[in-house]
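Below is my_file.tsv, holding TSV, C-alpha atoms and all ligand atoms.
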chain	number	residue	atom	x	y	z
A	1	MET	CA	114.75	96.78	76.13
A	2	SER	CA	114.29	96.90	72.41
A	3	SER	CA	112.30	99.44	70.49
A	4	LYS	CA	109.87	96.67	69.61
A	5	ASP	CA	109.00	96.33	73.29
A	6	TRP	CA	108.56	100.03	73.52
A	7	ILE	CA	106.07	100.18	70.69
A	8	ASP	CA	104.08	97.42	72.34
A	9	LYS	CA	103.80	99.36	75.59
A	10	ASP	CA	100.61	101.21	76.27
A	11	TYR	CA	101.55	103.99	78.62
A	12	TYR	CA	98.00	105.32	78.64
A	13	ALA	CA	96.69	101.99	79.87
A	14	ALA	CA	99.48	101.87	82.47
A	15	LEU	CA	98.19	105.13	83.95
A	16	GLY	CA	94.55	104.24	83.36
A	17	VAL	CA	93.84	107.39	81.38
A	18	ASP	CA	92.30	108.12	78.01
A	19	LYS	CA	94.50	109.05	75.06
A	20	SER	CA	92.91	112.49	75.12
A	21	ALA	CA	93.63	113.01	78.82
A	22	SER	CA	94.90	116.46	79.80
A	23	SER	CA	98.32	116.80	81.35
A	24	ASP	CA	96.61	117.51	84.67
A	25	GLU	CA	94.63	114.29	84.47
A	26	ILE	CA	97.79	112.38	83.65
A	27	LYS	CA	99.62	113.93	86.57
A	28	LYS	CA	96.77	113.13	88.93
A	29	ALA	CA	96.51	109.54	87.75
A	30	TYR	CA	100.26	109.10	88.10
A	31	ARG	CA	100.38	110.54	91.61
A	32	LYS	CA	97.58	108.30	92.79
A	33	LEU	CA	99.06	105.12	91.28
A	34	ALA	CA	102.59	105.96	92.38
A	35	ARG	CA	101.40	106.52	95.92
A	36	GLU	CA	99.50	103.24	96.01
A	37	SER	CA	102.32	101.17	94.55
A	38	HIS	CA	105.24	102.98	96.17
A	39	PRO	CA	107.71	100.41	97.53
A	40	ASP	CA	107.98	102.33	100.80
A	41	HIS	CA	104.32	101.59	101.43
A	42	ASN	CA	104.54	98.03	100.16
A	43	PRO	CA	107.77	96.70	101.56
A	44	GLY	CA	108.61	93.29	100.18
A	45	ASP	CA	105.75	93.32	97.67
A	46	THR	CA	107.41	92.67	94.32
A	47	GLY	CA	104.09	93.05	92.48
A	48	ALA	CA	103.75	96.58	93.79
A	49	GLU	CA	107.36	97.27	92.89
A	50	GLU	CA	106.71	96.13	89.33
A	51	ARG	CA	103.60	98.32	89.13
A	52	PHE	CA	105.54	101.26	90.49
A	53	LYS	CA	108.17	100.83	87.80
A	54	THR	CA	105.57	100.56	85.06
A	55	VAL	CA	103.74	103.63	86.27
A	56	SER	CA	106.96	105.64	86.59
A	57	GLU	CA	108.09	104.63	83.12
A	58	ALA	CA	104.72	105.63	81.67
A	59	TYR	CA	104.80	108.98	83.40
A	60	ALA	CA	108.36	109.66	82.27
A	61	VAL	CA	106.94	109.76	78.75
A	62	LEU	CA	103.35	111.00	79.12
A	63	GLY	CA	104.26	113.57	81.76
A	64	ASP	CA	106.57	115.30	79.31
A	65	GLU	CA	104.70	117.22	76.58
A	66	LYS	CA	107.40	116.73	74.01
A	67	LYS	CA	107.98	113.03	74.66
A	68	ARG	CA	104.25	112.41	74.77
A	69	ARG	CA	103.82	113.99	71.34
A	70	GLU	CA	106.59	111.81	69.96
A	71	TYR	CA	105.15	108.73	71.58
A	72	ASP	CA	101.69	109.43	70.15
A	73	GLU	CA	103.19	109.93	66.72
A	74	MET	CA	105.15	106.74	67.02
A	75	ARG	CA	102.11	104.72	68.02
A	76	SER	CA	99.92	106.11	65.32
A	77	LEU	CA	102.59	105.10	62.83
A	78	PHE	CA	103.31	101.65	64.20
A	79	GLY	CA	100.55	100.90	66.65
A	80	SER	CA	98.54	98.49	64.53
A	81	GLY	CA	99.81	98.88	61.01
A	82	ALA	CA	101.72	96.73	58.61
A	83	PHE	CA	104.97	97.62	60.28
A	84	ARG	CA	104.14	95.68	63.36
A	85	ARG	CA	102.95	92.68	61.44
A	86	SER	CA	106.06	92.58	59.35
A	87	ALA	CA	108.22	92.98	62.40
A	88	ARG	CA	106.48	90.05	64.05
A	89	GLY	CA	106.51	88.03	60.85
A	90	ALA	CA	110.25	88.19	60.49
A	91	GLY	CA	111.61	84.82	59.51
A	92	GLN	CA	108.19	83.33	58.86
A	93	PRO	CA	106.99	82.42	55.38
A	94	GLY	CA	105.73	85.57	53.76
A	95	GLY	CA	107.00	87.76	56.57
A	96	MET	CA	109.54	90.38	55.77
A	97	PRO	CA	112.97	89.69	57.23
A	98	PHE	CA	112.85	92.95	59.05
A	99	ASP	CA	113.62	93.99	62.56
A	100	VAL	CA	112.51	97.18	64.19
A	101	SER	CA	115.84	97.64	65.85
A	102	ASP	CA	117.38	98.22	62.42
A	103	LEU	CA	115.50	101.45	62.21
A	104	PHE	CA	116.70	102.82	65.47
A	105	GLY	CA	120.12	101.34	65.72
A	106	GLY	CA	121.53	104.33	63.92
A	107	GLY	CA	123.95	102.66	61.58
A	108	ALA	CA	122.00	99.93	59.83
A	109	GLY	CA	122.58	100.32	56.11
A	110	GLY	CA	120.43	102.90	54.37
A	111	GLY	CA	117.57	102.90	56.82
A	112	ASP	CA	114.63	105.19	56.45
A	113	ASN	CA	115.93	108.64	57.12
A	114	ARG	CA	112.72	109.78	58.69
A	115	PHE	CA	113.87	108.13	61.86
A	116	SER	CA	117.46	109.14	62.14
A	117	GLY	CA	118.39	112.39	63.69
A	118	GLY	CA	114.76	113.06	64.50
A	119	GLY	CA	112.88	113.07	67.72
A	120	PHE	CA	112.61	109.32	68.05
A	121	THR	CA	116.24	108.62	68.65
A	122	ASP	CA	116.34	111.44	71.15
A	123	LEU	CA	113.39	109.92	72.85
A	124	PHE	CA	115.01	106.51	72.98
A	125	SER	CA	118.28	107.66	74.32
A	126	SER	CA	116.64	109.71	77.00
A	127	ILE	CA	114.37	106.91	78.17
A	128	PHE	CA	116.69	103.99	77.90
A	129	SER	CA	120.30	103.76	78.66
A	130	GLY	CA	122.05	100.81	77.15
A	131	GLY	CA	119.05	99.61	75.15
A	132	GLY	CA	119.17	96.59	72.94
A	133	ALA	CA	119.15	98.22	69.52
A	134	GLY	CA	121.82	97.03	67.11
A	135	GLY	CA	124.41	99.08	65.31
A	136	PRO	CA	127.27	101.11	66.68
A	137	ALA	CA	126.93	102.38	70.19
A	138	ARG	CA	125.77	105.93	70.45
A	139	PRO	CA	126.41	108.13	73.42
A	140	ARG	CA	123.74	107.54	76.00
A	141	GLY	CA	122.98	109.10	79.35
A	142	PRO	CA	125.26	108.32	82.25
A	143	ALA	CA	124.72	104.80	83.56
A	144	ARG	CA	122.58	104.32	86.65
A	145	GLY	CA	124.41	102.82	89.60
A	146	ARG	CA	123.82	99.17	90.38
A	147	ASP	CA	121.32	97.96	92.95
A	148	VAL	CA	122.88	96.54	96.07
A	149	GLU	CA	121.53	93.63	98.10
A	150	THR	CA	122.41	93.11	101.71
A	151	GLU	CA	121.12	91.18	104.68
A	152	VAL	CA	120.74	92.32	108.25
A	153	ALA	CA	119.85	90.42	111.43
A	154	LEU	CA	117.66	92.28	113.93
A	155	ASP	CA	116.95	91.46	117.52
A	156	PHE	CA	113.37	90.47	118.14
A	157	GLU	CA	112.56	93.55	120.19
A	158	ASP	CA	114.27	95.90	117.73
A	159	ALA	CA	112.13	94.47	114.95
A	160	VAL	CA	108.99	94.98	117.01
A	161	ARG	CA	109.79	98.52	118.11
A	162	GLY	CA	111.73	99.74	115.09
A	163	VAL	CA	115.40	100.60	115.18
A	164	THR	CA	118.03	102.63	113.35
A	165	LEU	CA	121.20	100.70	112.68
A	166	PRO	CA	124.44	101.59	110.96
A	167	LEU	CA	124.92	99.31	108.00
A	168	THR	CA	128.39	98.81	106.61
A	169	LEU	CA	128.48	97.99	102.93
A	170	ARG	CA	131.44	96.86	100.94
A	171	ALA	CA	131.23	97.46	97.24
A	172	PRO	CA	133.57	97.93	94.33
A	173	GLY	CA	134.47	101.57	93.71
A	174	VAL	CA	136.87	103.65	91.71
A	175	CYS	CA	140.43	103.85	93.04
A	176	ASP	CA	141.06	107.33	94.42
A	177	THR	CA	144.80	107.16	93.86
A	178	CYS	CA	144.66	106.77	90.07
A	179	HIS	CA	141.04	107.84	89.53
A	180	GLY	CA	140.34	104.51	87.94
A	181	ASN	CA	142.86	104.50	85.10
A	182	GLY	CA	145.15	102.06	86.90
A	183	ALA	CA	148.33	103.99	86.22
A	184	LYS	CA	150.85	104.99	88.89
A	185	PRO	CA	150.33	108.65	89.86
A	186	GLY	CA	152.43	110.84	87.56
A	187	THR	CA	152.14	108.36	84.70
A	188	GLN	CA	149.41	107.85	82.11
A	189	PRO	CA	148.07	104.74	80.42
A	190	VAL	CA	149.38	104.52	76.86
A	191	ALA	CA	147.60	103.44	73.69
A	192	CYS	CA	147.67	99.70	73.20
A	193	PRO	CA	150.24	98.87	70.51
A	194	VAL	CA	148.21	95.91	69.22
A	195	CYS	CA	144.88	97.60	68.55
A	196	HIS	CA	146.24	101.15	68.43
A	197	GLY	CA	143.75	102.28	71.00
A	198	ALA	CA	140.65	100.89	69.32
A	199	GLY	CA	140.10	98.16	71.90
A	200	VAL	CA	139.05	95.73	69.17
A	201	THR	CA	140.94	93.74	66.61
A	202	THR	CA	139.52	92.69	63.26
A	203	ARG	CA	140.10	89.35	61.65
A	204	ASN	CA	139.24	88.66	58.00
A	205	GLN	CA	137.90	85.32	56.92
A	206	GLY	CA	136.82	85.11	53.30
A	207	SER	CA	134.37	87.86	52.64
A	208	PHE	CA	133.52	88.22	56.35
A	209	SER	CA	135.39	90.14	58.93
A	210	PHE	CA	135.07	89.56	62.66
A	211	SER	CA	135.71	92.06	65.37
A	212	GLU	CA	136.71	90.90	68.81
A	213	PRO	CA	137.97	92.61	71.94
A	214	CYS	CA	141.71	93.13	71.81
A	215	ARG	CA	143.43	90.45	73.87
A	216	ASN	CA	146.43	92.58	74.65
A	217	CYS	CA	144.47	95.30	76.45
A	218	GLN	CA	141.26	93.33	77.24
A	219	GLY	CA	139.31	95.70	75.02
A	220	VAL	CA	140.23	98.83	76.96
A	221	GLY	CA	142.40	100.35	74.24
A	222	THR	CA	145.12	101.42	76.62
A	223	ILE	CA	147.70	99.60	78.69
A	224	VAL	CA	149.29	100.60	81.96
A	225	GLU	CA	153.07	100.42	82.05
A	226	GLU	CA	153.56	101.41	85.70
A	227	LYS	CA	150.76	100.13	87.86
A	228	CYS	CA	149.02	102.15	90.52
A	229	PRO	CA	150.26	100.83	93.90
A	230	GLU	CA	146.81	101.14	95.46
A	231	CYS	CA	144.72	99.08	93.03
A	232	HIS	CA	147.57	97.17	91.30
A	233	GLY	CA	146.51	98.54	87.95
A	234	THR	CA	142.91	97.44	88.01
A	235	GLY	CA	141.52	100.94	88.65
A	236	GLY	CA	139.08	99.51	91.17
A	237	VAL	CA	139.18	99.02	94.92
A	238	THR	CA	136.73	97.67	97.46
A	239	LYS	CA	135.15	100.55	99.29
A	240	THR	CA	133.41	100.52	102.58
A	241	ARG	CA	130.57	102.87	103.33
A	242	THR	CA	128.30	103.13	106.31
A	243	LEU	CA	124.64	104.03	106.12
A	244	ASN	CA	122.19	104.60	108.92
A	245	VAL	CA	119.13	102.58	108.06
A	246	ARG	CA	115.80	103.03	109.80
A	247	PHE	CA	113.85	99.80	110.25
A	248	PRO	CA	110.19	100.61	110.90
A	249	ALA	CA	108.36	99.20	113.90
A	250	GLY	CA	106.89	95.81	113.10
A	251	VAL	CA	109.38	94.84	110.42
A	252	ALA	CA	109.07	91.10	109.87
A	253	ASP	CA	111.48	88.26	109.32
A	254	GLY	CA	112.05	87.75	105.60
A	255	GLN	CA	110.90	91.25	104.67
A	256	ARG	CA	112.86	93.10	102.00
A	257	ILE	CA	113.26	96.82	102.48
A	258	ARG	CA	114.04	99.05	99.53
A	259	LEU	CA	116.01	102.24	100.06
A	260	ALA	CA	115.74	104.22	96.85
A	261	GLY	CA	118.98	105.79	95.70
A	262	ARG	CA	121.11	104.19	98.42
A	263	GLY	CA	122.74	101.62	96.16
A	264	GLU	CA	125.89	102.16	94.17
A	265	PRO	CA	126.44	105.68	92.87
A	266	GLY	CA	125.91	106.10	89.13
A	267	GLU	CA	128.76	106.71	86.77
A	268	ARG	CA	129.61	110.30	85.98
A	269	GLY	CA	126.58	111.78	87.69
A	270	GLY	CA	124.08	109.04	86.79
A	271	ALA	CA	121.33	108.18	89.25
A	272	ALA	CA	122.30	105.92	92.14
A	273	GLY	CA	120.95	102.39	92.29
A	274	ASP	CA	118.72	101.15	95.09
A	275	LEU	CA	119.67	99.33	98.25
A	276	PHE	CA	117.66	96.25	99.16
A	277	VAL	CA	117.94	95.05	102.72
A	278	GLN	CA	116.76	91.54	103.50
A	279	VAL	CA	115.68	91.39	107.13
A	280	LYS	CA	116.28	88.41	109.39
A	281	VAL	CA	114.72	88.59	112.84
A	282	ARG	CA	116.42	86.64	115.60
A	283	PRO	CA	113.98	84.59	117.67
A	284	ASP	CA	113.10	85.74	121.18
A	285	GLU	CA	113.42	83.34	124.09
A	286	LEU	CA	109.87	84.04	125.27
A	287	PHE	CA	107.78	85.54	122.52
A	288	GLY	CA	106.92	84.39	119.06
A	289	ARG	CA	105.31	86.46	116.36
A	290	THR	CA	102.56	85.98	113.80
A	291	GLY	CA	102.18	89.15	111.77
A	292	ASP	CA	101.40	91.89	114.29
A	293	ASP	CA	100.41	89.45	117.03
A	294	LEU	CA	102.89	88.29	119.64
A	295	THR	CA	102.56	84.76	120.93
A	296	LEU	CA	103.42	83.32	124.31
A	297	THR	CA	102.95	79.86	125.80
A	298	VAL	CA	102.12	79.71	129.51
A	299	PRO	CA	102.20	76.45	131.49
A	300	ILE	CA	99.36	75.97	134.02
A	301	THR	CA	98.56	73.10	136.38
A	302	TYR	CA	95.62	70.80	135.97
A	303	ALA	CA	94.13	72.30	139.12
A	304	GLU	CA	94.40	75.81	137.67
A	305	ALA	CA	92.71	74.67	134.48
A	306	VAL	CA	89.87	73.03	136.41
A	307	LEU	CA	89.39	75.62	139.12
A	308	GLY	CA	90.30	78.74	137.12
A	309	THR	CA	92.87	81.34	138.07
A	310	ASP	CA	94.24	84.81	137.30
A	311	LEU	CA	97.54	84.70	135.45
A	312	ARG	CA	100.00	87.54	135.41
A	313	VAL	CA	102.12	87.25	132.27
A	314	PRO	CA	104.83	89.42	130.74
A	315	THR	CA	104.24	91.57	127.67
A	316	LEU	CA	107.08	93.18	125.74
A	317	ASP	CA	107.06	96.26	127.97
A	318	GLY	CA	105.18	95.30	131.12
A	319	THR	CA	102.73	92.74	132.38
A	320	VAL	CA	99.08	91.90	131.88
A	321	THR	CA	96.71	89.86	134.02
A	322	LEU	CA	94.58	87.29	132.24
A	323	ARG	CA	91.58	85.48	133.69
A	324	VAL	CA	91.57	81.72	133.15
A	325	PRO	CA	87.93	80.66	133.65
A	326	PRO	CA	87.17	77.43	135.53
A	327	GLY	CA	87.11	74.45	133.19
A	328	THR	CA	89.55	75.80	130.65
A	329	PRO	CA	90.93	73.09	128.33
A	330	SER	CA	94.61	72.74	127.58
A	331	GLY	CA	95.63	74.58	124.41
A	332	ARG	CA	93.05	77.36	124.86
A	333	VAL	CA	94.32	80.70	123.54
A	334	LEU	CA	93.67	83.85	125.55
A	335	ARG	CA	93.96	87.22	123.86
A	336	ALA	CA	95.37	90.40	125.44
A	337	ARG	CA	94.19	93.08	123.05
A	338	GLY	CA	96.64	95.71	121.86
A	339	LYS	CA	99.63	94.07	123.57
A	340	GLY	CA	101.22	92.99	120.29
A	341	VAL	CA	103.32	94.86	117.76
A	342	VAL	CA	102.53	98.58	117.57
A	343	ARG	CA	102.81	99.90	114.03
A	344	LYS	CA	103.81	103.36	112.87
A	345	ASP	CA	100.15	104.27	112.36
A	346	GLY	CA	99.37	103.40	116.01
A	347	ARG	CA	97.44	100.22	115.29
A	348	ALA	CA	98.57	97.30	117.41
A	349	GLY	CA	98.33	93.56	117.26
A	350	ASP	CA	97.41	91.36	120.22
A	351	LEU	CA	99.29	89.12	122.61
A	352	LEU	CA	98.05	85.56	122.11
A	353	VAL	CA	98.61	83.41	125.20
A	354	THR	CA	98.41	79.65	124.71
A	355	LEU	CA	97.65	77.73	127.90
A	356	ASP	CA	99.57	74.51	128.27
A	357	VAL	CA	98.39	72.16	131.01
A	358	VAL	CA	101.47	70.44	132.36
A	359	VAL	CA	101.51	67.02	133.92
A	360	PRO	CA	103.95	66.62	136.79
A	361	ALA	CA	106.41	63.78	136.28
A	362	LYS	CA	106.39	63.04	140.02
A	363	VAL	CA	103.93	63.78	142.84
A	364	SER	CA	104.17	63.46	146.59
A	365	ASP	CA	102.35	60.67	148.44
A	366	GLU	CA	99.80	63.17	149.73
A	367	ALA	CA	99.16	64.48	146.26
A	368	ARG	CA	98.82	60.93	144.92
A	369	ALA	CA	96.28	60.08	147.64
A	370	ALA	CA	94.33	63.24	146.91
A	371	LEU	CA	94.42	62.47	143.21
A	372	GLU	CA	93.13	58.95	143.76
A	373	THR	CA	90.26	60.38	145.78
A	374	PHE	CA	89.67	62.86	142.99
A	375	ALA	CA	89.73	60.11	140.35
A	376	ALA	CA	87.16	58.10	142.27
A	377	GLN	CA	84.85	61.13	142.20
A	378	THR	CA	85.30	61.87	138.49
A	379	PRO	CA	83.49	60.27	135.54
A	380	PRO	CA	85.83	58.57	133.06
A	381	ALA	CA	87.08	60.52	130.05
A	382	ALA	CA	84.74	60.42	127.03
A	383	ARG	CA	86.33	57.60	125.06
A	384	GLU	CA	83.25	55.56	124.06
A	385	HIS	CA	83.68	56.35	120.35
A	386	LEU	CA	87.19	54.91	120.49
A	387	ASP	CA	86.26	51.94	122.62
A	388	ALA	CA	83.76	50.81	120.00
A	389	ARG	CA	86.51	50.64	117.43
A	390	VAL	CA	88.87	48.89	119.86
A	391	ARG	CA	86.29	46.17	120.52
A	392	ARG	CA	86.31	45.22	116.83
A	393	PHE	CA	89.82	43.91	117.26
A	394	SER	CA	89.37	42.05	120.53
B	401	ZN	ZN	144.56	96.62	72.53
B	402	ZN	ZN	144.61	102.87	91.45

Would it be possible to restate this file's structure as structure tokens?
Amino acid sequence: MSSKDWIDKDYYAALGVDKSASSDEIKKAYRKLARESHPDHNPGDTGAEERFKTVSEAYAVLGDEKKRREYDEMRSLFGSGAFRRSARGAGQPGGMPFDVSDLFGGGAGGGDNRFSGGGFTDLFSSIFSGGGAGGPARPRGPARGRDVETEVALDFEDAVRGVTLPLTLRAPGVCDTCHGNGAKPGTQPVACPVCHGAGVTTRNQGSFSFSEPCRNCQGVGTIVEEKCPECHGTGGVTKTRTLNVRFPAGVADGQRIRLAGRGEPGERGGAAGDLFVQVKVRPDELFGRTGDDLTLTVPITYAEAVLGTDLRVPTLDGTVTLRVPPGTPSGRVLRARGKGVVRKDGRAGDLLVTLDVVVPAKVSDEARAALETFAAQTPPAAREHLDARVRRFS
């Protein structure tokens, strides 16, 4: 994120508060918005996740008296003035060839001293780690750990009822034998003889000079003479860790669950990344699922459809008896209320039973005779509207 982006952000609008809002009002607004958009309450909703991030970022600044003061100052300086126009006009006719990042990069030649060493750089480095500003790197906060994505397959019933499963994750980690420096225990990496420890080499070409990562040490600045036997000198190993993950009742196929802070640990005490678990639900042999409703198809005979019957059908944890009224057409859906997926808050979906009138492939002679008698007593099926069209072609 560049400082230009930052200036363009309206943290007050993000929290829906006035610029003169008290710190209490800001806190209240933040709590409400954070609650509404919290990923735990909106699993799989990337819009909510985005809103949550925006709100959190805004509160990180406005919720801190000192940062808020600096932010206000910054916006009153740059919010709508010539600075912004010139920054946008860079490279266009009449526009000044000027980039905001020059001001904050730290090293850009002879910048305006108002902005170096003052509150703004502090503000930037505390909000952003690894921001996009140019110039030499300055020490920033410890890096946040990376987010981790994984996929898990749940049994149908586990997804309906909720389940806690151990999840084994394999991720790159620091070698414990050499603590990441890649050198055999008892030895130390030595300064690279090519770049003398700088990690970069400089090449002159006319009046320009180019810096590039040192090829001898791959930009690290040191080389390992005796390699660590565990990681073969790379300093990294694949680590396995096991987490117990709770899947809430009613979790759906395709849902993405976010576990804040369960991703990779941050470097040197930085915040951990998040773990995202993509859920796959294995199909059940009997039941299907549409949201919180379970679905079930039940075959019935023609006689049952005509005469009506009581059907005893399975639910996930018992049975339920459904009345099929006389004259029920094939495909009719009967609803057993509250026999679907029960959510954490106690609300439950329904069991939707689709009746499927089956036609026997073979019948006994007696049945055939009875059916012929039946047919003789029954008016023909209502096909007049089709017959009219058929006659056109005959
Ligand atoms: Zn080197
Ligand atoms: Zn090692």

Axis-aligned box for all listed atoms of segment 196-210 of chain A, 5 Å per side, centre and edges in Å to one decimal, as JSON:
{"center_x": 139.9, "center_y": 93.7, "center_z": 62.3, "size_x": 22.7, "size_y": 27.2, "size_z": 29.3}

Please list as a ChimeraX atom specification every residue within 9 Å of Phe287 of chain A, counting all atoms listed in the file and excluding residues in the same chain fewer than 4 positions away. /A:156,283,294-297,315-316

Worksheet item: Hey, what's within 9 Å of Asp155 of chain A if we count all atoms listed in the file and toss same-chain stuff fewer than 3 positions away? As a list in words, please?
Response: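 Counting only the stated atoms, we get Asp158, Ala159, Val160, Lys280, Val281, Arg282, Pro283 and Asp284 of chain A.
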
Can you spit out the residues from that selection as a CSV table (one decimal), in the coordinates of the input, using C-alpha atoms?
chain,number,residue,atom,x,y,z
A,158,ASP,CA,114.3,95.9,117.7
A,159,ALA,CA,112.1,94.5,115.0
A,160,VAL,CA,109.0,95.0,117.0
A,280,LYS,CA,116.3,88.4,109.4
A,281,VAL,CA,114.7,88.6,112.8
A,282,ARG,CA,116.4,86.6,115.6
A,283,PRO,CA,114.0,84.6,117.7
A,284,ASP,CA,113.1,85.7,121.2

A straight line from atom CA of Ala198 of chain A to atom CA of Gly219 of chain A spans 7.8 Å

Which residue of A:Val279, A:Val190, A:Leu167, A:Val251 approaches Ile223 of chain A most closely, using only C-alpha atoms: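 Checking each of A:Val279, A:Val190, A:Leu167, A:Val251 against Ile223 of chain A, counting only C-alpha atoms, the winner is A:Val190.
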
> Which value, in Å to one decimal, gives the distance between atom CA of Glu36 of chain A and atom CA of Tyr59 of chain A?
Replying inline: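 Interatomic distance here is 14.8 Å.
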
Return as a PDB file with C-alpha atoms, keeping the file's coordinate frame the residues of protein, DNA or RNA that approach ligand ZN 402 (chain B) to within 8 Å, with only C-alpha atoms and all ligand atoms taken into account.
ATOM      1  CA  VAL A 174     136.870 103.650  91.710  1.00  0.00           C
ATOM      2  CA  CYS A 175     140.430 103.850  93.040  1.00  0.00           C
ATOM      3  CA  ASP A 176     141.060 107.330  94.420  1.00  0.00           C
ATOM      4  CA  THR A 177     144.800 107.160  93.860  1.00  0.00           C
ATOM      5  CA  CYS A 178     144.660 106.770  90.070  1.00  0.00           C
ATOM      6  CA  HIS A 179     141.040 107.840  89.530  1.00  0.00           C
ATOM      7  CA  GLY A 180     140.340 104.510  87.940  1.00  0.00           C
ATOM      8  CA  ASN A 181     142.860 104.500  85.100  1.00  0.00           C
ATOM      9  CA  GLY A 182     145.150 102.060  86.900  1.00  0.00           C
ATOM     10  CA  ALA A 183     148.330 103.990  86.220  1.00  0.00           C
ATOM     11  CA  LYS A 184     150.850 104.990  88.890  1.00  0.00           C
ATOM     12  CA  LYS A 227     150.760 100.130  87.860  1.00  0.00           C
ATOM     13  CA  CYS A 228     149.020 102.150  90.520  1.00  0.00           C
ATOM     14  CA  PRO A 229     150.260 100.830  93.900  1.00  0.00           C
ATOM     15  CA  GLU A 230     146.810 101.140  95.460  1.00  0.00           C
ATOM     16  CA  CYS A 231     144.720  99.080  93.030  1.00  0.00           C
ATOM     17  CA  HIS A 232     147.570  97.170  91.300  1.00  0.00           C
ATOM     18  CA  GLY A 233     146.510  98.540  87.950  1.00  0.00           C
ATOM     19  CA  THR A 234     142.910  97.440  88.010  1.00  0.00           C
ATOM     20  CA  GLY A 235     141.520 100.940  88.650  1.00  0.00           C
ATOM     21  CA  GLY A 236     139.080  99.510  91.170  1.00  0.00           C
ATOM     22  CA  VAL A 237     139.180  99.020  94.920  1.00  0.00           C
TER      23      VAL A 237
END
